[in-house]
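Visitor: So here's coords11.tsv (TSV, C-alpha atoms and all ligand atoms).
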```tsv
chain	number	residue	atom	x	y	z
Q	1	MET	CA	7.21	7.10	0.16
Q	2	ARG	CA	5.11	4.04	-0.67
Q	3	LYS	CA	1.66	4.03	-2.24
Q	4	TYR	CA	-0.71	1.21	-1.35
Q	5	GLU	CA	-3.10	1.45	-4.25
Q	6	ASP	CA	-3.47	-1.39	-6.73
Q	7	THR	CA	-5.02	0.05	-9.90
Q	8	TYR	CA	-6.19	-1.65	-13.11
Q	9	GLN	CA	-3.02	-0.39	-14.71
Q	10	HIS	CA	-0.89	-2.18	-12.09
Q	11	LYS	CA	-2.93	-5.36	-12.56
Q	12	GLY	CA	-2.47	-5.15	-16.33
Q	13	LEU	CA	1.27	-4.67	-15.96
Q	14	ARG	CA	1.37	-7.73	-13.67
Q	15	LYS	CA	-0.39	-9.82	-16.32
Q	16	GLN	CA	2.29	-8.76	-18.82
Q	17	LEU	CA	4.99	-9.72	-16.34
Q	18	ILE	CA	3.39	-13.17	-15.95
Q	19	ASN	CA	3.61	-13.62	-19.74
Q	20	VAL	CA	7.29	-12.63	-19.68
Q	21	LEU	CA	7.96	-15.17	-16.92
Q	22	LYS	CA	6.11	-17.89	-18.86
Q	23	GLU	CA	8.15	-17.10	-21.98
Q	24	LYS	CA	11.32	-17.43	-19.90
Q	25	GLY	CA	10.27	-20.92	-18.83
Q	26	ILE	CA	8.40	-20.55	-15.51
Q	27	THR	CA	5.61	-23.17	-15.45
Q	28	ASP	CA	4.63	-23.61	-11.76
Q	29	GLU	CA	1.04	-22.28	-11.63
Q	30	ASN	CA	1.24	-21.61	-7.88
Q	31	VAL	CA	4.32	-19.43	-8.38
Q	32	LEU	CA	2.70	-17.55	-11.28
Q	33	ASN	CA	-0.54	-17.06	-9.29
Q	34	ALA	CA	1.37	-15.67	-6.30
Q	35	ILE	CA	3.30	-13.19	-8.47
Q	36	ASN	CA	0.05	-12.22	-10.23
Q	37	THR	CA	-1.60	-11.59	-6.84
Q	38	ILE	CA	1.12	-9.60	-5.03
Q	39	PRO	CA	1.43	-5.88	-5.83
Q	40	ARG	CA	5.22	-5.67	-6.32
Q	41	HIS	CA	5.02	-1.85	-6.41
Q	42	TYR	CA	4.06	-1.93	-2.70
Q	43	PHE	CA	7.63	-3.06	-1.97
Q	44	LEU	CA	9.26	-0.15	-3.73
Q	45	ASP	CA	9.39	3.61	-3.43
Q	46	SER	CA	6.54	5.23	-5.41
Q	47	ALA	CA	9.21	6.63	-7.77
Q	48	PHE	CA	9.35	3.09	-9.21
Q	49	ASP	CA	5.55	2.81	-9.51
Q	50	LYS	CA	5.43	2.60	-13.32
Q	51	ILE	CA	8.46	0.34	-13.74
Q	52	ALA	CA	7.86	-2.01	-10.79
Q	53	TYR	CA	6.63	-4.74	-13.17
Q	54	GLU	CA	9.64	-4.73	-15.47
Q	55	ASP	CA	11.62	-7.91	-15.06
Q	56	ARG	CA	14.55	-6.32	-13.24
Q	57	ALA	CA	16.03	-5.77	-9.81
Q	58	PHE	CA	15.73	-2.37	-8.05
Q	59	PRO	CA	17.61	-0.71	-5.17
Q	60	ILE	CA	15.91	-0.89	-1.75
Q	61	GLY	CA	18.54	1.00	0.30
Q	62	GLU	CA	21.65	-0.08	2.24
Q	63	GLY	CA	23.20	-1.18	-1.07
Q	64	GLN	CA	20.64	-4.01	-1.34
Q	65	THR	CA	18.11	-4.91	-4.03
Q	66	ILE	CA	14.69	-6.45	-4.51
Q	67	SER	CA	15.44	-9.50	-6.67
Q	68	GLN	CA	14.37	-9.62	-10.32
Q	69	PRO	CA	10.91	-11.27	-10.68
Q	70	TYR	CA	12.42	-14.00	-12.89
Q	71	THR	CA	14.92	-14.84	-10.14
Q	72	VAL	CA	12.14	-14.90	-7.49
Q	73	ALA	CA	10.01	-17.14	-9.74
Q	74	TYR	CA	12.96	-19.41	-10.59
Q	75	GLN	CA	13.98	-19.97	-6.98
Q	76	SER	CA	10.35	-20.40	-5.86
Q	77	GLN	CA	9.73	-22.96	-8.62
Q	78	LEU	CA	12.84	-24.98	-7.69
Q	79	LEU	CA	11.62	-25.03	-4.06
Q	80	GLN	CA	8.49	-27.06	-5.02
Q	81	ILE	CA	6.45	-25.36	-2.29
Q	82	LYS	CA	3.64	-27.34	-0.70
Q	83	LYS	CA	1.02	-25.84	1.62
Q	84	SER	CA	2.26	-25.70	5.23
Q	85	ASP	CA	5.93	-26.25	4.29
Q	86	LYS	CA	8.23	-24.71	6.89
Q	87	VAL	CA	10.60	-22.49	4.90
Q	88	LEU	CA	13.77	-20.72	6.05
Q	89	GLU	CA	14.73	-17.70	3.93
Q	90	ILE	CA	18.14	-16.00	4.20
Q	91	GLY	CA	18.01	-12.32	3.12
Q	92	THR	CA	14.59	-10.74	3.80
Q	93	GLY	CA	15.46	-7.51	1.92
Q	94	SER	CA	12.25	-5.99	0.57
Q	95	VAL	CA	10.14	-8.97	1.86
Q	96	TYR	CA	8.89	-9.57	-1.71
Q	97	GLN	CA	10.26	-13.13	-1.99
Q	98	SER	CA	8.94	-13.91	1.51
Q	99	THR	CA	5.41	-12.85	0.53
Q	100	VAL	CA	5.53	-14.96	-2.65
Q	101	LEU	CA	6.29	-18.02	-0.49
Q	102	ALA	CA	3.68	-16.98	2.10
Q	103	GLU	CA	1.03	-16.46	-0.60
Q	104	MET	CA	1.74	-20.06	-1.71
Q	105	GLY	CA	0.69	-21.20	1.76
Q	106	SER	CA	4.02	-21.94	3.42
Q	107	TRP	CA	5.26	-20.80	6.85
Q	108	VAL	CA	8.17	-18.45	6.24
Q	109	TYR	CA	11.00	-17.80	8.72
Q	110	THR	CA	13.09	-15.04	7.21
Q	111	ILE	CA	16.44	-13.61	8.42
Q	112	GLU	CA	17.98	-10.20	7.60
Q	113	ARG	CA	21.46	-9.09	8.75
Q	114	GLN	CA	21.03	-5.33	8.07
Q	115	LYS	CA	19.38	-3.64	11.08
Q	116	LYS	CA	18.04	-0.72	8.99
Q	117	LEU	CA	16.27	-3.06	6.57
Q	118	TYR	CA	14.97	-5.22	9.42
Q	119	ASP	CA	13.55	-2.09	11.14
Q	120	LEU	CA	11.85	-1.04	7.89
Q	121	GLN	CA	10.32	-4.51	7.58
Q	122	GLN	CA	8.77	-4.10	11.05
Q	123	LYS	CA	6.99	-0.91	9.98
Q	124	GLU	CA	5.40	-2.27	6.81
Q	125	PHE	CA	1.84	-2.88	7.96
Q	126	TYR	CA	0.70	-4.24	4.56
Q	127	PHE	CA	2.45	-7.58	4.61
Q	128	ARG	CA	2.70	-7.80	8.39
Q	129	LYS	CA	-1.11	-7.84	8.53
Q	130	LYS	CA	-1.78	-9.76	5.37
Q	131	TYR	CA	0.78	-12.52	5.97
Q	132	PRO	CA	0.87	-13.61	9.62
Q	133	ASN	CA	2.63	-16.73	8.27
Q	134	ILE	CA	5.89	-14.73	7.86
Q	135	LYS	CA	8.13	-14.49	10.93
Q	136	PHE	CA	10.97	-11.94	10.87
Q	137	PHE	CA	14.41	-12.35	12.45
Q	138	PHE	CA	17.41	-10.02	12.72
Q	139	GLY	CA	20.53	-12.15	12.55
Q	140	ASP	CA	23.24	-13.84	10.52
Q	141	GLY	CA	21.89	-16.28	7.96
Q	142	PHE	CA	25.04	-18.41	8.15
Q	143	GLU	CA	23.77	-19.46	11.59
Q	144	GLY	CA	20.23	-20.28	10.43
Q	145	LEU	CA	17.56	-20.63	13.15
Q	146	PRO	CA	18.51	-23.66	15.26
Q	147	THR	CA	15.55	-23.14	17.64
Q	148	TYR	CA	13.01	-23.41	14.78
Q	149	ALA	CA	14.83	-26.16	12.82
Q	150	PRO	CA	14.43	-28.53	11.06
Q	151	PHE	CA	12.94	-27.00	7.89
Q	152	ASP	CA	11.25	-28.51	4.81
Q	153	LYS	CA	12.80	-25.92	2.52
Q	154	ILE	CA	15.66	-23.38	2.70
Q	155	ILE	CA	16.15	-20.51	0.23
Q	156	ILE	CA	19.20	-18.22	0.14
Q	157	THR	CA	18.59	-14.94	-1.70
Q	158	ALA	CA	22.19	-13.64	-1.62
Q	159	ALA	CA	25.39	-14.95	-3.27
Q	160	ALA	CA	26.81	-17.58	-0.93
Q	161	PRO	CA	30.62	-17.99	-0.90
Q	162	PHE	CA	30.09	-21.66	0.06
Q	163	ILE	CA	27.28	-23.93	1.31
Q	164	PRO	CA	26.81	-22.97	5.00
Q	165	PRO	CA	27.27	-26.19	7.03
Q	166	LYS	CA	24.85	-25.08	9.78
Q	167	LEU	CA	22.06	-24.68	7.22
Q	168	LEU	CA	22.63	-28.25	5.98
Q	169	GLN	CA	22.15	-29.43	9.58
Q	170	GLN	CA	18.80	-27.60	9.78
Q	171	MET	CA	17.23	-29.54	6.87
Q	172	LYS	CA	14.73	-32.38	7.40
Q	173	VAL	CA	15.35	-35.62	5.54
Q	174	GLY	CA	13.95	-34.98	2.05
Q	175	ALA	CA	14.28	-31.20	2.49
Q	176	LEU	CA	15.43	-28.96	-0.37
Q	177	MET	CA	17.85	-26.01	-0.28
Q	178	ILE	CA	18.03	-23.52	-3.17
Q	179	ILE	CA	21.30	-21.63	-3.01
Q	180	PRO	CA	23.22	-19.46	-5.49
Q	181	VAL	CA	26.90	-20.31	-4.95
Q	182	ASP	CA	29.74	-18.08	-6.13
Q	183	GLU	CA	31.61	-18.84	-9.34
Q	184	GLY	CA	33.54	-15.57	-9.77
Q	185	ASP	CA	31.23	-12.66	-10.56
Q	186	GLN	CA	28.22	-14.93	-11.14
Q	187	GLN	CA	26.56	-17.62	-9.10
Q	188	ARG	CA	25.40	-21.10	-10.03
Q	189	MET	CA	21.92	-21.93	-8.73
Q	190	LEU	CA	22.12	-25.20	-6.83
Q	191	ARG	CA	19.36	-27.41	-5.47
Q	192	LEU	CA	20.45	-29.61	-2.58
Q	193	THR	CA	18.34	-32.54	-1.34
Q	194	LYS	CA	19.02	-34.05	2.08
Q	195	LEU	CA	19.01	-37.83	1.75
Q	196	GLU	CA	18.07	-40.41	4.34
Q	197	ASP	CA	21.68	-41.35	5.13
Q	198	GLY	CA	22.43	-37.66	5.87
Q	199	SER	CA	24.29	-37.10	2.60
Q	200	VAL	CA	23.30	-34.41	0.12
Q	201	LYS	CA	22.33	-34.70	-3.54
Q	202	GLU	CA	23.35	-31.70	-5.65
Q	203	GLU	CA	21.73	-30.46	-8.88
Q	204	ALA	CA	23.10	-27.45	-10.80
Q	205	PHE	CA	20.92	-24.97	-12.72
Q	206	GLU	CA	21.37	-21.58	-14.44
Q	207	GLN	CA	23.73	-18.76	-13.48
Q	208	PHE	CA	22.51	-15.62	-11.70
Q	209	SER	CA	23.91	-12.46	-10.18
Q	210	PHE	CA	23.08	-11.72	-6.50
Q	211	VAL	CA	24.36	-9.25	-3.90
Q	212	PRO	CA	26.84	-10.99	-1.56
Q	213	MET	CA	25.84	-13.05	1.48
Q	214	LEU	CA	27.92	-11.44	4.26
Q	215	THR	CA	28.85	-12.80	7.68
Q	216	GLY	CA	27.77	-11.22	10.98
Q	217	LYS	CA	25.07	-8.66	11.76
Q	218	ASN	CA	25.22	-5.00	10.70
Q	219	ARG	CA	23.66	-2.66	13.32
Q	301	LIG	N1	14.71	-11.78	-0.82
Q	301	LIG	C1	15.01	-10.38	-1.01
Q	301	LIG	C2	16.35	-10.19	-1.71
Q	301	LIG	C3	17.14	-9.15	-1.04
Q	301	LIG	S1	18.83	-9.00	-1.53
Q	301	LIG	C4	13.88	-9.68	-1.74
Q	301	LIG	O1	12.98	-10.33	-2.24
Q	301	LIG	O2	13.86	-8.45	-1.77
Q	301	LIG	C5	19.65	-10.00	-0.33
Q	301	LIG	C6	19.45	-9.64	1.12
Q	301	LIG	O3	20.24	-10.56	1.90
Q	301	LIG	C7	19.91	-8.24	1.54
Q	301	LIG	O4	18.87	-7.59	2.21
Q	301	LIG	C8	21.09	-8.52	2.48
Q	301	LIG	O5	21.24	-7.57	3.52
Q	301	LIG	C9	20.75	-9.90	3.03
Q	301	LIG	N2	21.86	-10.68	3.55
Q	301	LIG	C10	23.13	-10.80	3.06
Q	301	LIG	N3	23.87	-11.64	3.81
Q	301	LIG	C11	23.03	-12.09	4.82
Q	301	LIG	C12	23.20	-12.98	5.93
Q	301	LIG	N4	24.36	-13.57	6.21
Q	301	LIG	N5	22.13	-13.18	6.73
Q	301	LIG	C13	20.93	-12.60	6.49
Q	301	LIG	N6	20.72	-11.74	5.46
Q	301	LIG	C14	21.76	-11.48	4.64
```
Go ahead and render the structure in this file as structure tokens.
Guide:
Amino acid sequence: MRKYEDTYQHKGLRKQLINVLKEKGITDENVLNAINTIPRHYFLDSAFDKIAYEDRAFPIGEGQTISQPYTVAYQSQLLQIKKSDKVLEIGTGSVYQSTVLAEMGSWVYTIERQKKLYDLQQKEFYFRKKYPNIKFFFGDGFEGLPTYAPFDKIIITAAAPFIPPKLLQQMKVGALMIIPVDEGDQQRMLRLTKLEDGSVKEEAFEQFSFVPMLTGKNR
């Protein structure tokens, strides 16, 4: 069961979370404002109500997780979101990351490969109504969305075994891709920039731990 009630206590806990994120090095005011605005507990079972604002990941079913707020903030900050950016997200999961990007004013195209999670996402009236700038797709993120390409930004929210070549093709010149790429049991956060000659600049950041990016759809 979910509870859609945002109390003063929830708002207070969110403020504390913002301070934690600042202490950990998040500086992008738009990212911090979005996280301060969005009731994260709406994305979790009410059993998690009191702990929804701890800086940790939680299970959302089908062996998947809602990413840790620090991870969401970190990836969102690296994306350098501008209003009206066209963003492709791989791994919709709880839809929390998608709403952070939508709250920042971008157009989000998000793909989920697990049918059960995709079906749940269709039933969640809260963000479906509030964020008409999120479009949902059931499919395999390795394929991207060729019909909606090219994108300004691409974010992968699962551990990628390699950089998917089809996603590179779906980037505009100057576009950024934030992708955690496997290095054993952890992943290195990479930021790729598509250059004018079609080549890609690569920057490496901190290590994280994501659930795996898997091929194919799961009905
Ligand atoms: N952004 C999510 C994180 C969810 S965890 C959130 O904020 O909650 C990663 C998600 O990626 C899972 O839901 C998983 O099913 C999905 N996933 C894994 N491989 C995928 C692929 N190839 N295509 C699309 N989604 C994928």
Visitor: Tell me, in Å to one decimal, how far atom CA of Lys115 of chain Q is from atom CA of Arg219 of chain Q.
Guide: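 About the pair atom CA of Lys115 of chain Q and atom CA of Arg219 of chain Q: they are 4.9 Å apart.
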Visitor: For Arg191 of chain Q, which of Q:Gly144, Q:Gly174, Q:Gly12, Q:Pro59 is the closest residue, counting all atoms listed in the file?
Guide: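 Smallest distance to Arg191 of chain Q is found for Q:Gly174.
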Visitor: Output the neighbourhood of ligand LIG 301 (chain Q) as a PyMOL selection string, that is, all protein and nucleic acid residues with some atom at most 9 Å from the ligand, counting all atoms listed in the file.
Guide: chain Q and resi 43+57-58+60-69+72+89-100+110-115+117-118+137-144+155-160+210-218
Visitor: How many Å lie between atom CA of Gln170 of chain Q and atom CA of Tyr131 of chain Q, rounded to one decimal?
Guide: 23.8 Å
Visitor: Within 10 Å of (24.1, -31.8, -4.8), in the coordinates the file gives, what residues turn up when you count all atoms listed in the file, written out as a PyMOL selection string?
Guide: chain Q and resi 177+190-194+199-204
Visitor: Compare Q:Gln75, Q:Lys166, Q:Ala34, Q:Gly184 by their minimum atom-to-atom distance to Gly105 of chain Q, counting only C-alpha atoms, and give me the closest one.
Guide: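 The answer is Q:Ala34, which sits nearest to Gly105 of chain Q.
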Visitor: Atom CA of Phe151 of chain Q and atom CA of Val87 of chain Q, how far apart in Å?
Guide: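 Here the two named atoms are 5.9 Å from each other.
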Visitor: Please list, as a ChimeraX atom specification, the residues that have an atom at most 8 Å away from (9.0, -25.7, 0.3) in the coordinates of this file, counting all atoms listed in the file.
Guide: /Q:79-82,85-87,106,152-154,175-176
Visitor: Using all atoms listed in the file, which of the listed residues (Q:Leu145, Q:Asp55, Q:Lys129, Q:Phe136) sits closest to Asn19 of chain Q?
Guide: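 Of Q:Leu145, Q:Asp55, Q:Lys129, Q:Phe136, the one nearest Asn19 of chain Q, counting all atoms listed in the file, is Q:Asp55.
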Visitor: Near Asn33 of chain Q, counting only C-alpha atoms, which residues have an atom at most 10 Å away, once you skip same-chain residues fewer than 2 positions from it, shown as number ranges by chain?
Guide: Q: 18, 28-31, 35-38, 100, 103-104
Visitor: Using only C-alpha atoms, which of the listed residues (Q:Met1, Q:Met189, Q:Ala149, Q:Leu168) sits closest to Tyr74 of chain Q?
Guide: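 For Tyr74 of chain Q, the nearest of the candidates is Q:Met189.
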Visitor: Of the candidates Q:Lys50, Q:Val173, Q:Asp119, Q:Ile178, which shows the shortest atom-to-atom distance to Thr7 of chain Q, using all atoms listed in the file?
Guide: Q:Lys50
Visitor: Could you give me, as a PyMOL selection string, the residues within 10 Å of Gln16 of chain Q, counting only C-alpha atoms and dropping anything in the same chain fewer than 5 positions from it?
Guide: chain Q and resi 10-11+21-22+36+53-54
Visitor: Of the candidates Q:Tyr4, Q:Phe162, Q:Tyr148, Q:Phe208, which one gets nearest to Arg40 of chain Q if we count all atoms listed in the file?
Guide: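 Of all the options, Q:Tyr4 lies closest to Arg40 of chain Q.
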Visitor: Atoms are missing here; could segment 130-141 of chain Q be completed with all heavy atoms and written as a PDB file, in the coordinates of the input?
Guide:
```pdb
ATOM      1  N   LYS Q 130      -1.235  -8.827   6.364  1.00  0.00           N
ATOM      2  CA  LYS Q 130      -1.780  -9.760   5.370  1.00  0.00           C
ATOM      3  C   LYS Q 130      -1.175 -11.156   5.494  1.00  0.00           C
ATOM      4  O   LYS Q 130      -1.816 -12.150   5.164  1.00  0.00           O
ATOM      5  CB  LYS Q 130      -1.544  -9.184   3.971  1.00  0.00           C
ATOM      6  CG  LYS Q 130      -2.044 -10.069   2.875  1.00  0.00           C
ATOM      7  CD  LYS Q 130      -2.670  -9.316   1.729  1.00  0.00           C
ATOM      8  CE  LYS Q 130      -3.457 -10.309   0.898  1.00  0.00           C
ATOM      9  NZ  LYS Q 130      -3.327 -10.138  -0.505  1.00  0.00           N
ATOM     10  N   TYR Q 131       0.095 -11.225   5.915  1.00  0.00           N
ATOM     11  CA  TYR Q 131       0.780 -12.520   5.970  1.00  0.00           C
ATOM     12  C   TYR Q 131       1.309 -12.825   7.366  1.00  0.00           C
ATOM     13  O   TYR Q 131       2.509 -12.728   7.626  1.00  0.00           O
ATOM     14  CB  TYR Q 131       1.926 -12.555   4.949  1.00  0.00           C
ATOM     15  CG  TYR Q 131       1.455 -12.412   3.524  1.00  0.00           C
ATOM     16  CD1 TYR Q 131       1.612 -11.212   2.837  1.00  0.00           C
ATOM     17  CD2 TYR Q 131       0.840 -13.471   2.862  1.00  0.00           C
ATOM     18  CE1 TYR Q 131       1.164 -11.069   1.530  1.00  0.00           C
ATOM     19  CE2 TYR Q 131       0.388 -13.335   1.558  1.00  0.00           C
ATOM     20  CZ  TYR Q 131       0.549 -12.130   0.900  1.00  0.00           C
ATOM     21  OH  TYR Q 131       0.108 -11.998  -0.378  1.00  0.00           O
ATOM     22  N   PRO Q 132       0.401 -13.230   8.282  1.00  0.00           N
ATOM     23  CA  PRO Q 132       0.870 -13.610   9.620  1.00  0.00           C
ATOM     24  C   PRO Q 132       1.734 -14.873   9.568  1.00  0.00           C
ATOM     25  O   PRO Q 132       2.351 -15.222  10.567  1.00  0.00           O
ATOM     26  CB  PRO Q 132      -0.436 -13.842  10.386  1.00  0.00           C
ATOM     27  CG  PRO Q 132      -1.477 -14.074   9.352  1.00  0.00           C
ATOM     28  CD  PRO Q 132      -1.047 -13.335   8.128  1.00  0.00           C
ATOM     29  N   ASN Q 133       1.784 -15.538   8.411  1.00  0.00           N
ATOM     30  CA  ASN Q 133       2.630 -16.730   8.270  1.00  0.00           C
ATOM     31  C   ASN Q 133       4.081 -16.401   7.898  1.00  0.00           C
ATOM     32  O   ASN Q 133       4.845 -17.285   7.539  1.00  0.00           O
ATOM     33  CB  ASN Q 133       2.029 -17.739   7.270  1.00  0.00           C
ATOM     34  CG  ASN Q 133       1.601 -17.127   5.952  1.00  0.00           C
ATOM     35  OD1 ASN Q 133       1.315 -15.922   5.875  1.00  0.00           O
ATOM     36  ND2 ASN Q 133       1.553 -17.924   4.907  1.00  0.00           N
ATOM     37  N   ILE Q 134       4.465 -15.098   7.999  1.00  0.00           N
ATOM     38  CA  ILE Q 134       5.890 -14.730   7.860  1.00  0.00           C
ATOM     39  C   ILE Q 134       6.401 -14.301   9.229  1.00  0.00           C
ATOM     40  O   ILE Q 134       5.806 -13.420   9.862  1.00  0.00           O
ATOM     41  CB  ILE Q 134       6.100 -13.551   6.881  1.00  0.00           C
ATOM     42  CG1 ILE Q 134       5.469 -13.853   5.518  1.00  0.00           C
ATOM     43  CG2 ILE Q 134       7.586 -13.236   6.730  1.00  0.00           C
ATOM     44  CD1 ILE Q 134       5.585 -12.696   4.514  1.00  0.00           C
ATOM     45  N   LYS Q 135       7.498 -14.923   9.681  1.00  0.00           N
ATOM     46  CA  LYS Q 135       8.130 -14.490  10.930  1.00  0.00           C
ATOM     47  C   LYS Q 135       9.497 -13.894  10.600  1.00  0.00           C
ATOM     48  O   LYS Q 135      10.272 -14.477   9.843  1.00  0.00           O
ATOM     49  CB  LYS Q 135       8.309 -15.675  11.876  1.00  0.00           C
ATOM     50  CG  LYS Q 135       6.983 -16.251  12.325  1.00  0.00           C
ATOM     51  CD  LYS Q 135       7.126 -17.071  13.593  1.00  0.00           C
ATOM     52  CE  LYS Q 135       5.833 -17.761  13.963  1.00  0.00           C
ATOM     53  NZ  LYS Q 135       4.648 -16.884  13.900  1.00  0.00           N
ATOM     54  N   PHE Q 136       9.764 -12.716  11.202  1.00  0.00           N
ATOM     55  CA  PHE Q 136      10.970 -11.940  10.870  1.00  0.00           C
ATOM     56  C   PHE Q 136      12.046 -12.096  11.942  1.00  0.00           C
ATOM     57  O   PHE Q 136      11.738 -12.051  13.133  1.00  0.00           O
ATOM     58  CB  PHE Q 136      10.610 -10.467  10.751  1.00  0.00           C
ATOM     59  CG  PHE Q 136       9.684 -10.158   9.606  1.00  0.00           C
ATOM     60  CD1 PHE Q 136       8.313 -10.359   9.734  1.00  0.00           C
ATOM     61  CD2 PHE Q 136      10.171  -9.681   8.404  1.00  0.00           C
ATOM     62  CE1 PHE Q 136       7.451 -10.082   8.678  1.00  0.00           C
ATOM     63  CE2 PHE Q 136       9.327  -9.403   7.346  1.00  0.00           C
ATOM     64  CZ  PHE Q 136       7.955  -9.604   7.485  1.00  0.00           C
ATOM     65  N   PHE Q 137      13.297 -12.238  11.512  1.00  0.00           N
ATOM     66  CA  PHE Q 137      14.410 -12.350  12.450  1.00  0.00           C
ATOM     67  C   PHE Q 137      15.563 -11.461  12.002  1.00  0.00           C
ATOM     68  O   PHE Q 137      15.847 -11.371  10.801  1.00  0.00           O
ATOM     69  CB  PHE Q 137      14.905 -13.807  12.526  1.00  0.00           C
ATOM     70  CG  PHE Q 137      13.839 -14.756  13.011  1.00  0.00           C
ATOM     71  CD1 PHE Q 137      12.930 -15.317  12.125  1.00  0.00           C
ATOM     72  CD2 PHE Q 137      13.718 -15.062  14.353  1.00  0.00           C
ATOM     73  CE1 PHE Q 137      11.924 -16.172  12.562  1.00  0.00           C
ATOM     74  CE2 PHE Q 137      12.723 -15.909  14.809  1.00  0.00           C
ATOM     75  CZ  PHE Q 137      11.820 -16.474  13.906  1.00  0.00           C
ATOM     76  N   PHE Q 138      16.197 -10.790  12.986  1.00  0.00           N
ATOM     77  CA  PHE Q 138      17.410 -10.020  12.720  1.00  0.00           C
ATOM     78  C   PHE Q 138      18.569 -10.911  13.126  1.00  0.00           C
ATOM     79  O   PHE Q 138      18.658 -11.310  14.300  1.00  0.00           O
ATOM     80  CB  PHE Q 138      17.388  -8.726  13.545  1.00  0.00           C
ATOM     81  CG  PHE Q 138      18.689  -7.978  13.511  1.00  0.00           C
ATOM     82  CD1 PHE Q 138      19.250  -7.594  12.302  1.00  0.00           C
ATOM     83  CD2 PHE Q 138      19.357  -7.671  14.691  1.00  0.00           C
ATOM     84  CE1 PHE Q 138      20.455  -6.898  12.268  1.00  0.00           C
ATOM     85  CE2 PHE Q 138      20.557  -6.973  14.665  1.00  0.00           C
ATOM     86  CZ  PHE Q 138      21.107  -6.598  13.450  1.00  0.00           C
ATOM     87  N   GLY Q 139      19.434 -11.258  12.192  1.00  0.00           N
ATOM     88  CA  GLY Q 139      20.530 -12.150  12.550  1.00  0.00           C
ATOM     89  C   GLY Q 139      21.389 -12.496  11.342  1.00  0.00           C
ATOM     90  O   GLY Q 139      21.201 -11.946  10.253  1.00  0.00           O
ATOM     91  N   ASP Q 140      22.312 -13.414  11.564  1.00  0.00           N
ATOM     92  CA  ASP Q 140      23.240 -13.840  10.520  1.00  0.00           C
ATOM     93  C   ASP Q 140      22.769 -15.159   9.927  1.00  0.00           C
ATOM     94  O   ASP Q 140      22.725 -16.180  10.611  1.00  0.00           O
ATOM     95  CB  ASP Q 140      24.642 -13.995  11.127  1.00  0.00           C
ATOM     96  CG  ASP Q 140      25.644 -14.488  10.097  1.00  0.00           C
ATOM     97  OD1 ASP Q 140      25.280 -14.651   8.915  1.00  0.00           O
ATOM     98  OD2 ASP Q 140      26.808 -14.720  10.487  1.00  0.00           O
ATOM     99  N   GLY Q 141      22.421 -15.107   8.647  1.00  0.00           N
ATOM    100  CA  GLY Q 141      21.890 -16.280   7.960  1.00  0.00           C
ATOM    101  C   GLY Q 141      22.814 -17.486   7.960  1.00  0.00           C
ATOM    102  O   GLY Q 141      22.346 -18.617   7.816  1.00  0.00           O
TER     103      GLY Q 141
END
```
